Amino acid sequence: MRSFTFFGAGKGGDPALSGAGARPEVLRRKTIANNARILIAAAALGLGPAAYILAGGGALPLLAAMLVLAGGLVSLATHRRALYDFAAMAQVATLMATGLVLTVADPRPGDAGLAMAVLGPVLAALVARRELRRLSWLALLPVLALGVLANFAGLPSQPASGQALLVASLFGFVVAFLVVAHSSHRINAAYEVHDKAQINAYRHLIEHVQDAVLRFSPEGVVLLASRSSEMLFGCPRYQIAGQGLAERLHVLDRPAFLTAFADANQGGRSRTIEVRLRQDDPRAGSGVPRFAWVEMQLSPILDEAGAGPRHDVIGLLRDISSRKDAEAAMAEARRAAEDASQAKSRFLATIGHELRTPLNAVVGFSEMMTSGIGGELSDTHKEYAGLIQQSGRHLLGVVGMLLDMSRIEAGKFEIQAAPLAPAELVPACFSMVETLAQERQVLLAPQIEADLPLLVADERVCRQILINLLSNAIKFSHEGGTVTVTVKRQGQSINFSVRDRGIGMAPAAVARIGEPFFQVQDGLARKYEGTGLGLSIVKGLVELHGGTLRAMSEIGAGTTITVLLPINGPATKPGDTADILPLYREPPTASPTTWPNEKRKAQ
């Protein structure tokens with residue numbers, strides 16, 4: 001049964017103060033006041049005939065009129081004091097009390113008094129809250145019981161003439177009917193107002209939403225198009241109605257649209273697709289159609305009452321041409337960056353080979369000069385020759401790292417995996433960095449676990465990894481410090497850890513370990529020499545073996561670099577290592593799209 005509480009007159013507080021329930025609550029209060037006035041007016045009109053019948057010996061009409069008048073006055077008084085629930089309760093109690101009196105007075109079953117008593121809970125269901133509704137139906141039970149006892153068990157009834165009983169019953173039923181009919185009428189009016197407000201709100205939303213809104217019939221005909229669709233399609237909305245949308249779909253996107261529409265129309269599932277739609281431009285001079293990318297969300301209108309094999313479909317359309325253009329520009333920029341990276345790698349490889357030949361000659365002839373093969377040199381000339389030899393070796397090392405980096409990035413660095421003893425790598429690497437450690441007065445301390453399994457890896461590459469790590473650790477250690485090398489088994493991997501107690505790094509620098517040319521101290525005034533390629537090459541070589549590189553550091557406490565190499569070797573075979581391995585991976589971006597080409601095809 002409809003009631004005002006449907007619109008928001010709930011439990012607790014004053015619903016009139018809330019925006020959602022303000023108007024229904026005002027209508028409920030006005031209805032209660034009008035019901036009180038109806039009771040008072042009806043009682044006032046009935047007092048004259050009741051007094052006339054009283055002179056003839058019939059007191060029942062006067063009693064009924066007085067009950068109705070008292071109930072109306074009490075209800076109106078409590079309403080004016082803002083006790084709206086008590087006012088409604090007084091009206092319900094008036095109908096039920098008057099009905100009880102008439103039921104007891106009338107010995108016939110199914111009399112008008114019983115009908116009037118039943119209308120009390122009906123009135124409560126229309127204008128009262130849940131608690132009073134439940135209470136009114138409970139109070140109806142004793143009224144019905146007394147009526148049954150009065151009619152069938154012979155309870156003493158009020159003496160009343162047939163005319164007085166008829167008038168009283170008619171009066172009570174008419175009053176109850178007027179009150180209930182008035183309440184029902186106001187509820188219907190409230191529902192109409194509410195439904196109209198909802199329709200206006202939805203219409204306003206559809207007309208002013210930024211996305212275009214279309215409603216399709218089960219047969220795919222456009223029944224409704226919002227105002228924003230005119231801007232999207234570049235034409236009046238009436239041109240979109242009917243089958244106008246099918247003609248605007250790009251021919252390559254029609255299968256995707258039909259599939260998505262069938263899923264929503266027949267399957268009852270929401271779908272989101274991206275299609276191209278033709279846009280009209282009256283100012284365009286050429287007749288070439290212009291297509292725009294549109295994101296279309298299709299949702300079925302599920303109606304359980306009239307559910308059938310097909311549903312109406314609501315479509316939300318949003319222009320995403322700018323996003324598609326941005327994705328295309330990003331893909332083009334990515335391709336340009338990849339081409340530039342490949343050009344850089346080719347340049348480094350070429351220039352490295354070109355530099356290595358003359359540098360080998362410089363280093364070789366400087367060694368010959370210092371050894372006295374071309375004749376004895378003075379001390380000054382020997383010093384100069386030594387400086388030339390030292391600088392040449394340094395340049396050869398830089399060129400070698402550049403060549404290694406370019407080969408790794410180009411996918412041309414092949415590894416030859418074979419079983420080897422991990423413990424035997426450390427003494428060989430110590431001997432190669434021993435001179436540098438003595439110059440820095442750094443102690444090399446090995447910690448090798450016993451009974452290590454054989455490691456399937458490229459021995460030359462493993463030595464290069466350890467030598468680079470040791471060189472870095474010695475370079476950044478304080479004089480008199482210690483560099484510790486730990487080799488142990490960790491699960492299915494061999495753990496190579498190189499730890500120093502040098503200057504350490506900040507967390508931001510640790511996160512960038514492995515980037516080419518990255519140095520903790522950059523600029524021309526840096527204290528430590530280097531190109532910043534050592535750890536990036538180590539990272540690339542470790543990944544070629546299927547391993548991982550980890551770093552832990554603290555400023556002033558030193559750095560620990562850990563390399564984990566799988567015992568069974570890399571997952572790839574030597575012939576599969578031609579894939580490009582970038583040393584620095586940027587965050588993943590959207591997949592490349594051929595939107596410009598598709599756009600040209602569409603035109």
# chains A, B, ... in the order shown; residues from 1 in each chain; ligands from 1
>>> select_by_dssp(residues="range 174-312 of chain A", states="strand (DSSP E or B)", output="number ranges by chain")
A: 212-216, 222-225, 242, 249, 271-279, 290-301, 312
>>> select_by_dssp(residues="range 195-262 of chain A", states="alpha helix (DSSP H)", output="ChimeraX atom specification")
/A:195-208,228-233,244-248,254-262
>>> closest_atom_pairs(of="range 24-127 of chain A", to="range 181-196 of chain A", cutoff="12 Å", atoms="only C-alpha atoms", output="JSON lines")
{"residue": "A:Pro24", "atom": "CA", "partner": "A:Ala190", "partner_atom": "CA", "distance": 6.8}
{"residue": "A:Glu25", "atom": "CA", "partner": "A:Ala190", "partner_atom": "CA", "distance": 10.1}
{"residue": "A:Val26", "atom": "CA", "partner": "A:Ala190", "partner_atom": "CA", "distance": 10.3}
{"residue": "A:Leu27", "atom": "CA", "partner": "A:Ala190", "partner_atom": "CA", "distance": 7.4}
{"residue": "A:Arg28", "atom": "CA", "partner": "A:Arg186", "partner_atom": "CA", "distance": 8.3}
{"residue": "A:Arg29", "atom": "CA", "partner": "A:Ser183", "partner_atom": "CA", "distance": 10.8}
{"residue": "A:Lys30", "atom": "CA", "partner": "A:Arg186", "partner_atom": "CA", "distance": 9.3}
{"residue": "A:Thr31", "atom": "CA", "partner": "A:Ser183", "partner_atom": "CA", "distance": 6.2}
{"residue": "A:Ile32", "atom": "CA", "partner": "A:Ser183", "partner_atom": "CA", "distance": 8.1}
{"residue": "A:Ala33", "atom": "CA", "partner": "A:Ser183", "partner_atom": "CA", "distance": 10.7}
{"residue": "A:Asn34", "atom": "CA", "partner": "A:His182", "partner_atom": "CA", "distance": 8.4}
{"residue": "A:Asn35", "atom": "CA", "partner": "A:His182", "partner_atom": "CA", "distance": 7.5}
{"residue": "A:Ala36", "atom": "CA", "partner": "A:His182", "partner_atom": "CA", "distance": 11.2}
{"residue": "A:Arg37", "atom": "CA", "partner": "A:His182", "partner_atom": "CA", "distance": 11.5}
{"residue": "A:Ile38", "atom": "CA", "partner": "A:His182", "partner_atom": "CA", "distance": 9.2}
{"residue": "A:Leu39", "atom": "CA", "partner": "A:His182", "partner_atom": "CA", "distance": 11.6}
{"residue": "A:Ala88", "atom": "CA", "partner": "A:Ser183", "partner_atom": "CA", "distance": 11.4}
{"residue": "A:Gln91", "atom": "CA", "partner": "A:Ser183", "partner_atom": "CA", "distance": 11.8}
{"residue": "A:Leu119", "atom": "CA", "partner": "A:Ala181", "partner_atom": "CA", "distance": 10.4}
{"residue": "A:Val122", "atom": "CA", "partner": "A:Ser184", "partner_atom": "CA", "distance": 9.9}
{"residue": "A:Leu123", "atom": "CA", "partner": "A:Ser183", "partner_atom": "CA", "distance": 7.5}
{"residue": "A:Ala124", "atom": "CA", "partner": "A:Ser183", "partner_atom": "CA", "distance": 10.0}
{"residue": "A:Ala125", "atom": "CA", "partner": "A:Ser183", "partner_atom": "CA", "distance": 10.1}
{"residue": "A:Leu126", "atom": "CA", "partner": "A:Ser183", "partner_atom": "CA", "distance": 6.7}
{"residue": "A:Val127", "atom": "CA", "partner": "A:Ser183", "partner_atom": "CA", "distance": 7.2}
>>> atom_distance(atom1="CA of Leu436 in chain A", atom2="CA of Ala450 in chain A")
28.1 Å
>>> residues_around(residues="Phe257 in chain A", least_positions_apart="5", cutoff="10 Å", atoms="only C-alpha atoms", output="ChimeraX atom specification")
/A:246,249-250,252,262-263,271-275,296,298
>>> closest_residue(among="A:Pro309, A:Gly267, A:Gly540, A:Gly58", to="Gln464 in chain A", atoms="only C-alpha atoms")
A:Gly540
